[in-house]
Amino acid sequence: MSRTPTVLLVHGAFADAGSWSGVIAELQNHGIPVIAPPNPLRGLASDAAYVAAVAAQIDGPVVLVGHSYGGALITVAGTAENVVGLVYVAAYVLEEGESLGELQGRFPLSPLVSNLKEWTYPVEGAKSAVEVSIKAEAYPEIFAADVPAAVTKVLAAAQRPLAAAAFEESAAAAAWKTKPSWALVAGSDQAINPEVERFGAKRAGATIVELEGASHAVAVSRPKEVADLIREAVEATS
């Protein structure tokens, strides 16, 4: 088994695995193995099961990194035997039995909530389900205020929607209770209230770094700082 953990990057809603490109380059430059699979974005339980399955097929230890909604997924998937650490990036850190809606409901809502657009998608054997994306005109300010305008236009066009039902599903486990965790709080996040990020990270006993002025798309705008925190987790668990 490899002694250096493989970093498994889990993107959140309204983005794709490409949002990790700068972070991936930083980690690879330091010789750290990394993989960034697609997140199905169809539901907390099923998405977490997918992440856990990917992790279980990696030889050696794994550090799970979750951005945004991806944080909820690594909280559940992190119970996989070979997962040795969790890193939350501008993310939800759920308690066992808690939903995204319940955690968000403890604090004032972010501007994201009033700027979502609903779509529908087919479900075999059932009526169509609802998914949400960020309205294109609101995307730059809410998701990526510190990213160049030309880049945010591309990100908005390529964003992947999240099944609305994911907000109501409860976490089946909280891996941070048995695995060490780190968390990056994006100080100017308009998609998740930074207080939500701080509260969850403190509750989990995570090692916390806060980046002032950072938007929700902190992995795009400040990949070095994000990678530095991930490297810290890798070194601590090697």
# chains A, B, ... in the order shown; residues from 1 in each chain; ligands from 1
>>> residues_around(residues="Ala129 in chain A", least_positions_apart="3", cutoff="12 Å", atoms="only C-alpha atoms", output="PyMOL selection string")
chain A and resi 42-43+118-126+132+162-166
>>> select_by_dssp(residues="range 52-231 of chain A", states="alpha helix (DSSP H)", output="NGL selection string")
:A and (52-56 or 69-77 or 100-104 or 139-143 or 149-158 or 194-203 or 218-221 or 223-231)
>>> closest_residue(among="A:Trp182, A:Leu8, A:Asp228, A:Gly97", to="Asn82 in chain A", atoms="only C-alpha atoms")
A:Leu8
>>> atom_distance(atom1="CA of Asn115 in chain A", atom2="CA of Ala138 in chain A")
6.6 Å
>>> closest_residue(among="A:Gly22, A:Gly70, A:Pro5, A:Gly60", to="Pro223 in chain A", atoms="only C-alpha atoms")
A:Gly22
>>> select_by_dssp(residues="range 47-105 of chain A", states="strand (DSSP E or B)", output="ChimeraX atom specification")
/A:62-67,83-89,99
>>> residues_around(residues="Val84 in chain A", least_positions_apart="6", cutoff="12 Å", atoms="only C-alpha atoms", output="ChimeraX atom specification")
/A:3-8,55-56,60-65,74,77-78,175-176,178-182,233-238
>>> closest_residue(among="A:Val196, A:Glu102, A:Ala80, A:Leu211", to="Lys224 in chain A", atoms="only C-alpha atoms")
A:Leu211
>>> closest_residue(among="A:Gln57, A:Asn193, A:Ser46, A:Asn39", to="Phe14 in chain A", atoms="only C-alpha atoms")
A:Asn39
>>> closest_atom_pairs(of="range 74-139 of chain A", to="range 144-157 of chain A", cutoff="8 Å", atoms="only C-alpha atoms", output="JSON lines")
{"residue": "A:Ile134", "atom": "CA", "partner": "A:Ala156", "partner_atom": "CA", "distance": 7.8}
{"residue": "A:Ala136", "atom": "CA", "partner": "A:Ala156", "partner_atom": "CA", "distance": 5.7}
{"residue": "A:Tyr139", "atom": "CA", "partner": "A:Ala156", "partner_atom": "CA", "distance": 6.0}
>>> closest_residue(among="A:Trp20, A:Phe167, A:Tyr50, A:Tyr92", to="Arg203 in chain A", atoms="only C-alpha atoms")
A:Tyr92
>>> residues_around(residues="Ala72 in chain A", least_positions_apart="4", cutoff="9 Å", atoms="only C-alpha atoms", output="MDAnalysis selection string")
chainID A and resid 44 48 66:68 76:77 91:94 99:100 171 174
>>> atom_distance(atom1="CA of Ala186 in chain A", atom2="CA of Tyr69 in chain A")
14.2 Å
>>> closest_residue(among="A:Leu229, A:Ala173, A:Ala52, A:Ala158", to="Glu96 in chain A", atoms="only C-alpha atoms")
A:Ala173
>>> atom_distance(atom1="CA of His216 in chain A", atom2="CA of Gly31 in chain A")
26.8 Å
>>> decode(residues="range 52-68 of chain A", atoms="N, CA and C atoms", output="PDB file, in the first residue's frame")
ATOM      1  N   ALA A  52     -17.939   6.763  -1.786  1.00  0.00           N
ATOM      2  CA  ALA A  52     -17.366   5.694  -0.964  1.00  0.00           C
ATOM      3  C   ALA A  52     -16.875   4.539  -1.826  1.00  0.00           C
ATOM      4  N   ALA A  53     -17.621   4.242  -2.886  1.00  0.00           N
ATOM      5  CA  ALA A  53     -17.231   3.150  -3.783  1.00  0.00           C
ATOM      6  C   ALA A  53     -15.952   3.481  -4.534  1.00  0.00           C
ATOM      7  N   VAL A  54     -15.826   4.745  -4.966  1.00  0.00           N
ATOM      8  CA  VAL A  54     -14.588   5.174  -5.631  1.00  0.00           C
ATOM      9  C   VAL A  54     -13.416   5.065  -4.663  1.00  0.00           C
ATOM     10  N   ALA A  55     -13.614   5.558  -3.439  1.00  0.00           N
ATOM     11  CA  ALA A  55     -12.548   5.529  -2.443  1.00  0.00           C
ATOM     12  C   ALA A  55     -12.112   4.100  -2.142  1.00  0.00           C
ATOM     13  N   ALA A  56     -13.075   3.196  -2.032  1.00  0.00           N
ATOM     14  CA  ALA A  56     -12.775   1.813  -1.669  1.00  0.00           C
ATOM     15  C   ALA A  56     -11.958   1.091  -2.735  1.00  0.00           C
ATOM     16  N   GLN A  57     -12.001   1.591  -3.974  1.00  0.00           N
ATOM     17  CA  GLN A  57     -11.269   0.950  -5.068  1.00  0.00           C
ATOM     18  C   GLN A  57      -9.875   1.543  -5.271  1.00  0.00           C
ATOM     19  N   ILE A  58      -9.497   2.500  -4.418  1.00  0.00           N
ATOM     20  CA  ILE A  58      -8.157   3.085  -4.481  1.00  0.00           C
ATOM     21  C   ILE A  58      -7.237   2.284  -3.564  1.00  0.00           C
ATOM     22  N   ASP A  59      -6.084   1.874  -4.090  1.00  0.00           N
ATOM     23  CA  ASP A  59      -5.107   1.156  -3.272  1.00  0.00           C
ATOM     24  C   ASP A  59      -4.464   2.107  -2.285  1.00  0.00           C
ATOM     25  N   GLY A  60      -4.516   1.776  -1.017  1.00  0.00           N
ATOM     26  CA  GLY A  60      -3.874   2.602  -0.004  1.00  0.00           C
ATOM     27  C   GLY A  60      -4.824   3.609   0.614  1.00  0.00           C
ATOM     28  N   PRO A  61      -4.291   4.436   1.506  1.00  0.00           N
ATOM     29  CA  PRO A  61      -5.121   5.404   2.233  1.00  0.00           C
ATOM     30  C   PRO A  61      -5.624   6.528   1.328  1.00  0.00           C
ATOM     31  N   VAL A  62      -6.740   7.118   1.747  1.00  0.00           N
ATOM     32  CA  VAL A  62      -7.387   8.179   0.969  1.00  0.00           C
ATOM     33  C   VAL A  62      -7.716   9.358   1.881  1.00  0.00           C
ATOM     34  N   VAL A  63      -7.456  10.571   1.399  1.00  0.00           N
ATOM     35  CA  VAL A  63      -7.942  11.793   2.033  1.00  0.00           C
ATOM     36  C   VAL A  63      -9.076  12.317   1.160  1.00  0.00           C
ATOM     37  N   LEU A  64     -10.258  12.406   1.737  1.00  0.00           N
ATOM     38  CA  LEU A  64     -11.418  12.920   1.007  1.00  0.00           C
ATOM     39  C   LEU A  64     -11.500  14.432   1.159  1.00  0.00           C
ATOM     40  N   VAL A  65     -11.717  15.128   0.049  1.00  0.00           N
ATOM     41  CA  VAL A  65     -11.856  16.578   0.051  1.00  0.00           C
ATOM     42  C   VAL A  65     -13.195  16.927  -0.583  1.00  0.00           C
ATOM     43  N   GLY A  66     -14.028  17.662   0.144  1.00  0.00           N
ATOM     44  CA  GLY A  66     -15.343  18.016  -0.382  1.00  0.00           C
ATOM     45  C   GLY A  66     -15.561  19.511  -0.431  1.00  0.00           C
ATOM     46  N   HIS A  67     -16.008  19.998  -1.582  1.00  0.00           N
ATOM     47  CA  HIS A  67     -16.366  21.411  -1.731  1.00  0.00           C
ATOM     48  C   HIS A  67     -17.882  21.541  -1.651  1.00  0.00           C
ATOM     49  N   SER A  68     -18.363  22.493  -0.840  1.00  0.00           N
ATOM     50  CA  SER A  68     -19.786  22.813  -0.798  1.00  0.00           C
ATOM     51  C   SER A  68     -20.626  21.590  -0.417  1.00  0.00           C
TER      52      SER A  68
END
